[in-house]
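Q: This structure is in structure tokens; I'll ask about it shortly.
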Amino acid sequence: MMETAWIIPLFPLLSFLILLLFGRRLKEASAFVGILLTLASLVYSILVLFERFTAPTYKSEAAWLNIGDLHLTAGFEVNQLNALMLVIVSLVSCLVHTYSKGYMHGDERIPVFYAYLGLFTFAMQGLVLSPNLLQTYIFWELVGVGSFLLIGFYFYKEEAKAAAKKAFIMTRIGDVGLLIGMILLFWQTNSFEYDEIFKAVREGAISQGWITLTALLIFVGAVGKSGQFPLHTWLPDAMEGPTPVSALIHAATMVAAGVYLVAALFPLFAASKTALLTIAIIGAFTAIFAASIGLVQTDIKRVLAYSTVSQLGYMMLALGSAGYVAGVFHLMTHAFFKALLFLAAGSVIHAVHTQNIEEMGGLWKKLRLTGPLFLIGTLAISGVPLLSGFFSKDEILAAAWEGGHPILFLLAVIAAFFTAFYMFRLFFMVFTGEARSEMKHVHESPGVMTLPMIVLGVLAVISGYVNTPWFGTFLGDWLTKGNDSLGHSHVEGPGWIMIVATLVSLAGIFLAWLIYGKKSLSRDWLSGRGGALHTILYNKYYIDEFYQLTIVSLTKGMSYFLRFIDLFLVEGIVKGVAGFVQGLGKTGSKVQNGQVQTYGAMAFVGLAVLVVIFALTGGYLK
Amino acid sequence: MSSIPASAFLALALILFCIGLYGALSKRNTVIVLISIELMLNAVNINLVTFSKYGIKPSITGQIFALFAITVAAAEAAVGLAILIALYRNRKTVNIDEMDTMKH
Amino acid sequence: MTFSGEFIAFMLLALAAVIGGVLLLNLTNVVHMIIALVFTFVSIAGIYILLSAEFIAGAQILIYSGAITIIMLFGIMLTKHNDTSEGKPSLWRRLFLLLGVLGFAFAVYIGIYNLDLAPQTNHLHENNTLQIGKALYSKHIIPFELTSVLLLVALVGSIILAKKDEKGGE
């Protein structure tokens, strides 16, 4: 199976092409095309993964471009990380495809939607199969295109349009860093191949300074894609897209690309302490920063978006603390419970037609299936014991502690507390309390939507058990097998970390229950205490406004200035040249008046000038 | 021998040539333009005859050449006038400004 | 330079020729211009005599002063002969031309001024017509015959060109 793993991305691509060509005729039936093809891709991915458990890494490459001595190759590689990512991507994508069948029901542009989903999935699968940086970069940009199209799917909505543009531009800023880093790496190692690069790093062919520089530049690309501070602002705005798309973007494809890139290039990062520390700091800061914003948001999807940013920060923190396994593990568990949360949120939105949690309440009784599933996701992300999030988060905390960054560890613990608090705040506000009067005709979503949620719910519970301190660290052993540069398979942290993590999340849940569940504490108790703080948090630290004031206005000012230059200087020169030529042409056409006499006169005067010049300079006689 | 230097004749020829040239390029009546061209030919003939006498090797050939030139000039005048008449019949003008079909 | 009779004759003839040329440029009546040109042609004939070329001088008077001038007069009479004010081209163009002509004249004059030809002994004036005849009928016989062909062609061509278009028949 592994020899033909390249077929996997072709299924979604085929879906994309079919829907592009025949979508108009297929109408709602196009959903089946997308679902079946992604299902095929999922089955194939699972087969490849199972084969990879026993077989060694398979890599196949063919010459792509030969420019002089430069040989560029294209191909695919199936190593542990790739195989795992393939399954995650295919699974989430397949479930999202299925879910969209119900969620997008009645939309006229279903074929377009499924075509975009296909393209998006294809790009992500291509990305994880890439064996070299150049190919990665191509798919990386394709992922960006896919997200742009999907976020801007409701293009007639101004906000969606703006959000799509914002997502594209913000990630592009990161991509520039990635591109520069890639080119510098190529300059240093003369290869785009991951293996070649790692070999060069191992053998010390690149100086330490270069490693740090290129690693940081590539990390900038990951920052853009994975919504890390300071390029995170596009991710919450991306909520303007349809909810299944949010699930896909947040769980498996777009934002996972950044974490995946860091994981895939981990040996490079591991070679530089500075790069790792930077990643860890940015990750930890993003985790707590986004979590604090999530505390006060009132839009259900935005809360989830900030939780994604925060969880991605966790993953970066893990990778930065040399916890390769912890990062990838959390990437996997997060993919499941975050997809579950988004799909459940979509189900809620589908039922009540609003995204504002202030207007929800008492939905527990009405959404008999969505409610418990949402609770599972909430428990998982909060790190309640025995669910998947608990194990991966514990792993990350242990990695951070062992990495020797007590401050970062503390930040991560606080972020965990915040996470538990805002997730249960969300849960209590949506599902408990009194039902609003206008919510009379609320009904549960159709089976096509609940089925993917059930699958994800099961996974969100059990997926953590592949790597636990109690039942063996199967995932970690497998991921690091045959590759020492990836670090330890399992970080054996002190036992108290697990207890602290549990206590912190339970404390967060308890506080949320006090305020929003039991209502024994007034909701204004907190916001009243720190009115200014609340305002700041509600406005997301004014980051958008800050960008608006500084970068955007600076750019605008510069563009006005450049426009001025263009209008008066460039245009002036152009017009001057054009005017000169025009004048010349007019004079010329006046001379061309058709009279032989004038022609003769001109020819003669020209001759006379030549003769005079020769006579004065001596001419040929000299 | 002659007391007049050769350059005097040549200078006269030059002056006449320039007058003819100026006339040919500035006059607007076609007949006058033709006549100006005759004047230029005459100036050339003066040169030929002058060199026939004052050249490094004086010879009658210069005069013969001048004779031929006169003959050709006469033929040219006749043909030129015929063209002029034909043109005039078609365009009702001898004004050179209005003969600008080359423009189109 | 002595004021020999030859010199005086040259000066007078040259002056007449140049005056004729200048009048050609400045007169407005077309017929007057032609008459001014006759002066020039006759003066040039005189110049030919000074250059010991009597036969050419004769031919000059016959062909230019006689034939060509008459042809030109015919041309004028057959077209708009009473068109006196012919209108001048624009000032800048005349200036432009004048500059060109003067520059040309200046350049050629430099060549003439530096030309120093020592007078050679020659026998051109002795039986000039006989010499021309001998040369014409011996050494230059083929060009001579060709000239006759040229004249014939010119004759026929002129007639055809000037002939009224029979179909048009104005």
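Following the order of the structure tokens, first chain is A, next is B, and so on, with residues numbered from 1 inside each chain and ligands from 1 in the order they appear.
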Select, as a PyMOL selection string, those residues of chain C with any atom no more than 7 Å from chain B (distances computed using only C-alpha atoms).
A: chain C and resi 7+14+18+21+25+51+56+68+72+75-76+79+86+89+94+101+105+112-113+115+117+119-120+122+124+132+151+154+157-158+161-162
Q: Applying 12 Å and only C-alpha atoms, which residues near stretch 283-288 of chain A remain after dropping the ones on its own chain fewer than 4 positions away? List them as a PDB file with C-alpha atoms, in the first residue's frame.
A:
```pdb
ATOM      1  CA  PHE A 219       8.998  29.168  12.207  1.00  0.00           C
ATOM      2  CA  ALA A 222       4.431  28.279  10.913  1.00  0.00           C
ATOM      3  CA  VAL A 223       3.418  31.256  13.060  1.00  0.00           C
ATOM      4  CA  SER A 226      -0.877  28.184  12.898  1.00  0.00           C
ATOM      5  CA  GLY A 227      -2.144  31.507  14.111  1.00  0.00           C
ATOM      6  CA  GLN A 228       0.519  32.112  16.720  1.00  0.00           C
ATOM      7  CA  PHE A 229       1.031  35.522  18.244  1.00  0.00           C
ATOM      8  CA  PRO A 230       1.460  38.063  16.619  1.00  0.00           C
ATOM      9  CA  LEU A 231      -0.068  36.736  13.404  1.00  0.00           C
ATOM     10  CA  HIS A 232      -3.065  35.119  15.131  1.00  0.00           C
ATOM     11  CA  THR A 233      -5.717  37.707  14.290  1.00  0.00           C
ATOM     12  CA  VAL A 259       2.627  22.593  13.704  1.00  0.00           C
ATOM     13  CA  LEU A 276      13.583  26.036  20.362  1.00  0.00           C
ATOM     14  CA  LEU A 277      13.394  28.597  23.120  1.00  0.00           C
ATOM     15  CA  THR A 278      11.775  31.117  20.796  1.00  0.00           C
ATOM     16  CA  ILE A 279       9.186  28.562  19.758  1.00  0.00           C
ATOM     17  CA  SER A 292      -7.459  35.070  28.301  1.00  0.00           C
ATOM     18  CA  ILE A 293      -9.262  36.542  25.314  1.00  0.00           C
ATOM     19  CA  GLY A 294     -11.440  33.455  25.141  1.00  0.00           C
ATOM     20  CA  LEU A 295     -12.661  34.158  28.688  1.00  0.00           C
ATOM     21  CA  TYR A 306      -9.411  31.440  20.573  1.00  0.00           C
ATOM     22  CA  SER A 307      -9.250  28.062  22.223  1.00  0.00           C
ATOM     23  CA  THR A 308      -7.696  26.739  19.015  1.00  0.00           C
ATOM     24  CA  VAL A 309      -5.111  29.490  19.036  1.00  0.00           C
ATOM     25  CA  SER A 310      -4.412  28.680  22.649  1.00  0.00           C
ATOM     26  CA  GLN A 311      -4.125  24.925  22.015  1.00  0.00           C
ATOM     27  CA  LEU A 312      -1.830  25.541  19.066  1.00  0.00           C
ATOM     28  CA  GLY A 313       0.286  27.558  21.420  1.00  0.00           C
ATOM     29  CA  TYR A 314       0.430  24.458  23.615  1.00  0.00           C
ATOM     30  CA  MET A 315       1.660  22.379  20.729  1.00  0.00           C
ATOM     31  CA  MET A 316       4.327  24.925  19.882  1.00  0.00           C
ATOM     32  CA  LEU A 317       5.328  25.033  23.533  1.00  0.00           C
ATOM     33  CA  ALA A 318       5.681  21.272  23.499  1.00  0.00           C
ATOM     34  CA  LEU A 319       7.774  21.275  20.346  1.00  0.00           C
ATOM     35  CA  GLY A 320       9.851  24.134  21.659  1.00  0.00           C
ATOM     36  CA  SER A 321      10.495  22.236  24.871  1.00  0.00           C
ATOM     37  CA  GLY A 327       3.363  18.123  20.364  1.00  0.00           C
ATOM     38  CA  ILE A 396       3.055  18.837  27.259  1.00  0.00           C
ATOM     39  CA  LEU A 397       3.215  20.125  30.810  1.00  0.00           C
ATOM     40  CA  ALA A 400       7.718  22.058  29.548  1.00  0.00           C
ATOM     41  CA  HIS A 405      11.341  26.502  31.719  1.00  0.00           C
ATOM     42  CA  PRO A 406       9.454  26.939  35.008  1.00  0.00           C
ATOM     43  CA  ILE A 407       7.915  30.217  33.894  1.00  0.00           C
ATOM     44  CA  LEU A 408       6.630  28.698  30.679  1.00  0.00           C
ATOM     45  CA  PHE A 409       5.315  25.771  32.706  1.00  0.00           C
ATOM     46  CA  LEU A 410       3.483  28.177  34.977  1.00  0.00           C
ATOM     47  CA  LEU A 411       2.007  29.998  31.997  1.00  0.00           C
ATOM     48  CA  ALA A 412       0.834  26.700  30.561  1.00  0.00           C
ATOM     49  CA  VAL A 413      -0.825  25.744  33.840  1.00  0.00           C
ATOM     50  CA  ILE A 414      -2.624  29.074  34.045  1.00  0.00           C
ATOM     51  CA  ALA A 415      -3.683  28.681  30.435  1.00  0.00           C
ATOM     52  CA  ALA A 416      -5.052  25.254  31.301  1.00  0.00           C
ATOM     53  CA  PHE A 417      -7.091  26.839  34.071  1.00  0.00           C
ATOM     54  CA  PHE A 418      -8.387  29.489  31.684  1.00  0.00           C
ATOM     55  CA  THR A 419      -9.202  26.843  29.142  1.00  0.00           C
ATOM     56  CA  LEU A 537      -9.951  41.250  26.929  1.00  0.00           C
TER      57      LEU A 537
END
```
Q: Show me which bits of chain A are within 9 Å of chain C, counting only C-alpha atoms, as a PDB file with all heavy atoms, in the first residue's frame.
A:
```
ATOM      1  N   ALA A 601      13.978  68.923 -50.135  1.00  0.00           N
ATOM      2  CA  ALA A 601      14.594  69.921 -49.277  1.00  0.00           C
ATOM      3  C   ALA A 601      15.199  69.260 -48.052  1.00  0.00           C
ATOM      4  O   ALA A 601      16.338  69.549 -47.662  1.00  0.00           O
ATOM      5  CB  ALA A 601      13.558  70.966 -48.867  1.00  0.00           C
ATOM      6  N   MET A 602      14.438  68.359 -47.461  1.00  0.00           N
ATOM      7  CA  MET A 602      14.932  67.676 -46.255  1.00  0.00           C
ATOM      8  C   MET A 602      16.195  66.884 -46.566  1.00  0.00           C
ATOM      9  O   MET A 602      17.193  66.962 -45.855  1.00  0.00           O
ATOM     10  CB  MET A 602      13.858  66.712 -45.725  1.00  0.00           C
ATOM     11  CG  MET A 602      12.682  67.400 -45.109  1.00  0.00           C
ATOM     12  SD  MET A 602      13.213  68.435 -43.762  1.00  0.00           S
ATOM     13  CE  MET A 602      11.921  69.652 -43.803  1.00  0.00           C
ATOM     14  N   PHE A 604      18.219  67.304 -48.954  1.00  0.00           N
ATOM     15  CA  PHE A 604      19.334  68.182 -49.289  1.00  0.00           C
ATOM     16  C   PHE A 604      19.935  68.808 -48.032  1.00  0.00           C
ATOM     17  O   PHE A 604      21.149  68.850 -47.872  1.00  0.00           O
ATOM     18  CB  PHE A 604      18.880  69.277 -50.252  1.00  0.00           C
ATOM     19  CG  PHE A 604      19.900  70.359 -50.366  1.00  0.00           C
ATOM     20  CD1 PHE A 604      21.102  70.101 -51.013  1.00  0.00           C
ATOM     21  CD2 PHE A 604      19.699  71.590 -49.784  1.00  0.00           C
ATOM     22  CE1 PHE A 604      22.061  71.066 -51.076  1.00  0.00           C
ATOM     23  CE2 PHE A 604      20.662  72.561 -49.852  1.00  0.00           C
ATOM     24  CZ  PHE A 604      21.848  72.300 -50.499  1.00  0.00           C
ATOM     25  N   VAL A 605      19.045  69.285 -47.129  1.00  0.00           N
ATOM     26  CA  VAL A 605      19.583  69.922 -45.929  1.00  0.00           C
ATOM     27  C   VAL A 605      20.381  68.911 -45.115  1.00  0.00           C
ATOM     28  O   VAL A 605      21.462  69.229 -44.593  1.00  0.00           O
ATOM     29  CB  VAL A 605      18.437  70.540 -45.091  1.00  0.00           C
ATOM     30  CG1 VAL A 605      18.962  70.997 -43.752  1.00  0.00           C
ATOM     31  CG2 VAL A 605      17.828  71.696 -45.832  1.00  0.00           C
ATOM     32  N   GLY A 606      19.894  67.685 -45.066  1.00  0.00           N
ATOM     33  CA  GLY A 606      20.655  66.646 -44.374  1.00  0.00           C
ATOM     34  C   GLY A 606      22.022  66.464 -45.004  1.00  0.00           C
ATOM     35  O   GLY A 606      23.055  66.421 -44.313  1.00  0.00           O
ATOM     36  N   LEU A 607      22.028  66.404 -46.313  1.00  0.00           N
ATOM     37  CA  LEU A 607      23.303  66.267 -47.031  1.00  0.00           C
ATOM     38  C   LEU A 607      24.217  67.441 -46.727  1.00  0.00           C
ATOM     39  O   LEU A 607      25.413  67.274 -46.464  1.00  0.00           O
ATOM     40  CB  LEU A 607      23.016  66.178 -48.532  1.00  0.00           C
ATOM     41  CG  LEU A 607      24.260  66.092 -49.412  1.00  0.00           C
ATOM     42  CD1 LEU A 607      24.906  64.734 -49.259  1.00  0.00           C
ATOM     43  CD2 LEU A 607      23.924  66.371 -50.857  1.00  0.00           C
ATOM     44  N   ALA A 608      23.600  68.650 -46.737  1.00  0.00           N
ATOM     45  CA  ALA A 608      24.388  69.852 -46.503  1.00  0.00           C
ATOM     46  C   ALA A 608      25.027  69.798 -45.120  1.00  0.00           C
ATOM     47  O   ALA A 608      26.202  70.136 -44.955  1.00  0.00           O
ATOM     48  CB  ALA A 608      23.504  71.092 -46.631  1.00  0.00           C
ATOM     49  N   VAL A 609      24.247  69.359 -44.142  1.00  0.00           N
ATOM     50  CA  VAL A 609      24.800  69.270 -42.781  1.00  0.00           C
ATOM     51  C   VAL A 609      25.994  68.330 -42.768  1.00  0.00           C
ATOM     52  O   VAL A 609      27.062  68.649 -42.235  1.00  0.00           O
ATOM     53  CB  VAL A 609      23.713  68.787 -41.800  1.00  0.00           C
ATOM     54  CG1 VAL A 609      24.331  68.433 -40.454  1.00  0.00           C
ATOM     55  CG2 VAL A 609      22.649  69.846 -41.626  1.00  0.00           C
ATOM     56  N   VAL A 611      27.891  67.482 -45.273  1.00  0.00           N
ATOM     57  CA  VAL A 611      28.997  68.064 -46.041  1.00  0.00           C
ATOM     58  C   VAL A 611      29.724  69.102 -45.193  1.00  0.00           C
ATOM     59  O   VAL A 611      30.957  69.139 -45.136  1.00  0.00           O
ATOM     60  CB  VAL A 611      28.458  68.681 -47.350  1.00  0.00           C
ATOM     61  CG1 VAL A 611      29.514  69.554 -48.004  1.00  0.00           C
ATOM     62  CG2 VAL A 611      28.022  67.592 -48.295  1.00  0.00           C
ATOM     63  N   VAL A 612      28.926  69.933 -44.486  1.00  0.00           N
ATOM     64  CA  VAL A 612      29.540  70.968 -43.659  1.00  0.00           C
ATOM     65  C   VAL A 612      30.380  70.336 -42.559  1.00  0.00           C
ATOM     66  O   VAL A 612      31.513  70.750 -42.297  1.00  0.00           O
ATOM     67  CB  VAL A 612      28.462  71.896 -43.074  1.00  0.00           C
ATOM     68  CG1 VAL A 612      29.053  72.792 -42.011  1.00  0.00           C
ATOM     69  CG2 VAL A 612      27.841  72.724 -44.176  1.00  0.00           C
ATOM     70  N   ILE A 613      29.817  69.311 -41.959  1.00  0.00           N
ATOM     71  CA  ILE A 613      30.568  68.656 -40.873  1.00  0.00           C
ATOM     72  C   ILE A 613      31.875  68.090 -41.401  1.00  0.00           C
ATOM     73  O   ILE A 613      32.951  68.291 -40.828  1.00  0.00           O
ATOM     74  CB  ILE A 613      29.724  67.533 -40.246  1.00  0.00           C
ATOM     75  CG1 ILE A 613      28.581  68.145 -39.438  1.00  0.00           C
ATOM     76  CG2 ILE A 613      30.573  66.659 -39.339  1.00  0.00           C
ATOM     77  CD1 ILE A 613      27.582  67.144 -38.950  1.00  0.00           C
ATOM     78  N   PHE A 614      31.786  67.450 -42.570  1.00  0.00           N
ATOM     79  CA  PHE A 614      33.012  66.890 -43.147  1.00  0.00           C
ATOM     80  C   PHE A 614      34.000  67.985 -43.499  1.00  0.00           C
ATOM     81  O   PHE A 614      35.194  67.850 -43.278  1.00  0.00           O
ATOM     82  CB  PHE A 614      32.681  66.061 -44.388  1.00  0.00           C
ATOM     83  CG  PHE A 614      32.271  64.679 -44.052  1.00  0.00           C
ATOM     84  CD1 PHE A 614      31.210  64.069 -44.687  1.00  0.00           C
ATOM     85  CD2 PHE A 614      32.961  63.958 -43.077  1.00  0.00           C
ATOM     86  CE1 PHE A 614      30.830  62.776 -44.368  1.00  0.00           C
ATOM     87  CE2 PHE A 614      32.588  62.675 -42.754  1.00  0.00           C
ATOM     88  CZ  PHE A 614      31.523  62.087 -43.403  1.00  0.00           C
ATOM     89  N   ALA A 615      33.460  69.087 -44.053  1.00  0.00           N
ATOM     90  CA  ALA A 615      34.342  70.170 -44.449  1.00  0.00           C
ATOM     91  C   ALA A 615      35.041  70.753 -43.227  1.00  0.00           C
ATOM     92  O   ALA A 615      36.229  71.074 -43.275  1.00  0.00           O
ATOM     93  CB  ALA A 615      33.547  71.256 -45.168  1.00  0.00           C
ATOM     94  N   LEU A 616      34.311  70.881 -42.127  1.00  0.00           N
ATOM     95  CA  LEU A 616      34.897  71.490 -40.941  1.00  0.00           C
ATOM     96  C   LEU A 616      35.860  70.549 -40.233  1.00  0.00           C
ATOM     97  O   LEU A 616      36.880  70.976 -39.711  1.00  0.00           O
ATOM     98  CB  LEU A 616      33.793  71.912 -39.970  1.00  0.00           C
ATOM     99  CG  LEU A 616      32.955  73.095 -40.452  1.00  0.00           C
ATOM    100  CD1 LEU A 616      31.887  73.423 -39.423  1.00  0.00           C
ATOM    101  CD2 LEU A 616      33.838  74.319 -40.684  1.00  0.00           C
TER     102      LEU A 616
END
```
Q: Would you list, as a PyMOL selection string, the residues of chain C that end up in alpha helix (DSSP H) under DSSP run on this structure's backbone?
A: chain C and resi 5-26+30-50+54-60+69-78+91-114+128-138+141-162
Q: Select all residues from chain A having any atom no more than 12 Å from an atom of chain B (counting only C-alpha atoms, ignoring ligands), output as a ChimeraX atom specification.
A: /A:589-605,608
Q: Write the residues you've just listed into a file as an mmCIF file, in the first residue's frame, and include N, CA and C atoms for each of them.
A:
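Contents of out_15.cif, freshly written:
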```cif
data_model
loop_
_atom_site.group_PDB
_atom_site.id
_atom_site.type_symbol
_atom_site.label_atom_id
_atom_site.label_comp_id
_atom_site.auth_asym_id
_atom_site.auth_seq_id
_atom_site.Cartn_x
_atom_site.Cartn_y
_atom_site.Cartn_z
ATOM 1 N N SER A 589 4.953 63.808 -39.141
ATOM 2 C CA SER A 589 3.852 63.648 -40.087
ATOM 3 C C SER A 589 3.620 64.943 -40.856
ATOM 4 N N LYS A 590 3.983 66.072 -40.230
ATOM 5 C CA LYS A 590 3.851 67.333 -40.951
ATOM 6 C C LYS A 590 4.868 67.375 -42.091
ATOM 7 N N VAL A 591 6.048 66.845 -41.778
ATOM 8 C CA VAL A 591 7.092 66.816 -42.812
ATOM 9 C C VAL A 591 6.669 65.884 -43.939
ATOM 10 N N GLN A 592 5.970 64.816 -43.571
ATOM 11 C CA GLN A 592 5.520 63.865 -44.586
ATOM 12 C C GLN A 592 4.263 64.409 -45.271
ATOM 13 N N ASN A 593 4.404 65.526 -45.965
ATOM 14 C CA ASN A 593 3.196 66.117 -46.537
ATOM 15 C C ASN A 593 2.966 65.677 -47.969
ATOM 16 N N GLY A 594 3.760 64.747 -48.438
ATOM 17 C CA GLY A 594 3.515 64.210 -49.767
ATOM 18 C C GLY A 594 4.105 65.042 -50.878
ATOM 19 N N GLN A 595 4.761 66.144 -50.526
ATOM 20 C CA GLN A 595 5.332 66.978 -51.592
ATOM 21 C C GLN A 595 6.785 66.600 -51.834
ATOM 22 N N VAL A 596 7.073 66.291 -53.084
ATOM 23 C CA VAL A 596 8.427 65.875 -53.421
ATOM 24 C C VAL A 596 9.414 66.972 -53.074
ATOM 25 N N GLN A 597 8.940 68.193 -53.220
ATOM 26 C CA GLN A 597 9.845 69.313 -52.972
ATOM 27 C C GLN A 597 10.320 69.313 -51.519
ATOM 28 N N THR A 598 9.364 69.082 -50.607
ATOM 29 C CA THR A 598 9.743 69.066 -49.194
ATOM 30 C C THR A 598 10.710 67.933 -48.915
ATOM 31 N N TYR A 599 10.408 66.773 -49.475
ATOM 32 C CA TYR A 599 11.317 65.642 -49.262
ATOM 33 C C TYR A 599 12.707 65.993 -49.768
ATOM 34 N N GLY A 600 12.719 66.591 -50.978
ATOM 35 C CA GLY A 600 14.005 66.970 -51.555
ATOM 36 C C GLY A 600 14.727 67.938 -50.652
ATOM 37 N N ALA A 601 13.978 68.923 -50.135
ATOM 38 C CA ALA A 601 14.594 69.921 -49.277
ATOM 39 C C ALA A 601 15.199 69.260 -48.052
ATOM 40 N N MET A 602 14.438 68.359 -47.461
ATOM 41 C CA MET A 602 14.932 67.676 -46.255
ATOM 42 C C MET A 602 16.195 66.884 -46.566
ATOM 43 N N ALA A 603 16.123 66.116 -47.644
ATOM 44 C CA ALA A 603 17.278 65.301 -48.010
ATOM 45 C C ALA A 603 18.476 66.200 -48.260
ATOM 46 N N PHE A 604 18.219 67.304 -48.954
ATOM 47 C CA PHE A 604 19.334 68.182 -49.289
ATOM 48 C C PHE A 604 19.935 68.808 -48.032
ATOM 49 N N VAL A 605 19.045 69.285 -47.129
ATOM 50 C CA VAL A 605 19.583 69.922 -45.929
ATOM 51 C C VAL A 605 20.381 68.911 -45.115
ATOM 52 N N ALA A 608 23.600 68.650 -46.737
ATOM 53 C CA ALA A 608 24.388 69.852 -46.503
ATOM 54 C C ALA A 608 25.027 69.798 -45.120
#
```
Q: I want to know what sits within 10 Å of A:Val245, based on only C-alpha atoms, with residues of the same chain fewer than 2 positions away left out; could you give that as a list in words?
A: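 Counting only C-alpha atoms, the residues come to Ser93, Val96, His97, Ser100, Phe113, Tyr116, Leu117, Phe120, Ser147, Leu150, Ile151, Phe153, Ala238, Met239, Glu240, Gly241, Pro242, Thr243, Ala247, Leu248, Ile249, His250, Ala251, Thr253, Ala339, Phe342 and Leu343 of chain A.
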Q: At what distance in Å, to one decimal, does atom CA of A:Leu65 lie from atom CA of A:Ala264?
A: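 Distance between the two atoms: 23.8 Å.
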Q: Atom CA of A:Pro131 and atom CA of A:Cys94 are how many Å apart?
A: 24.3 Å
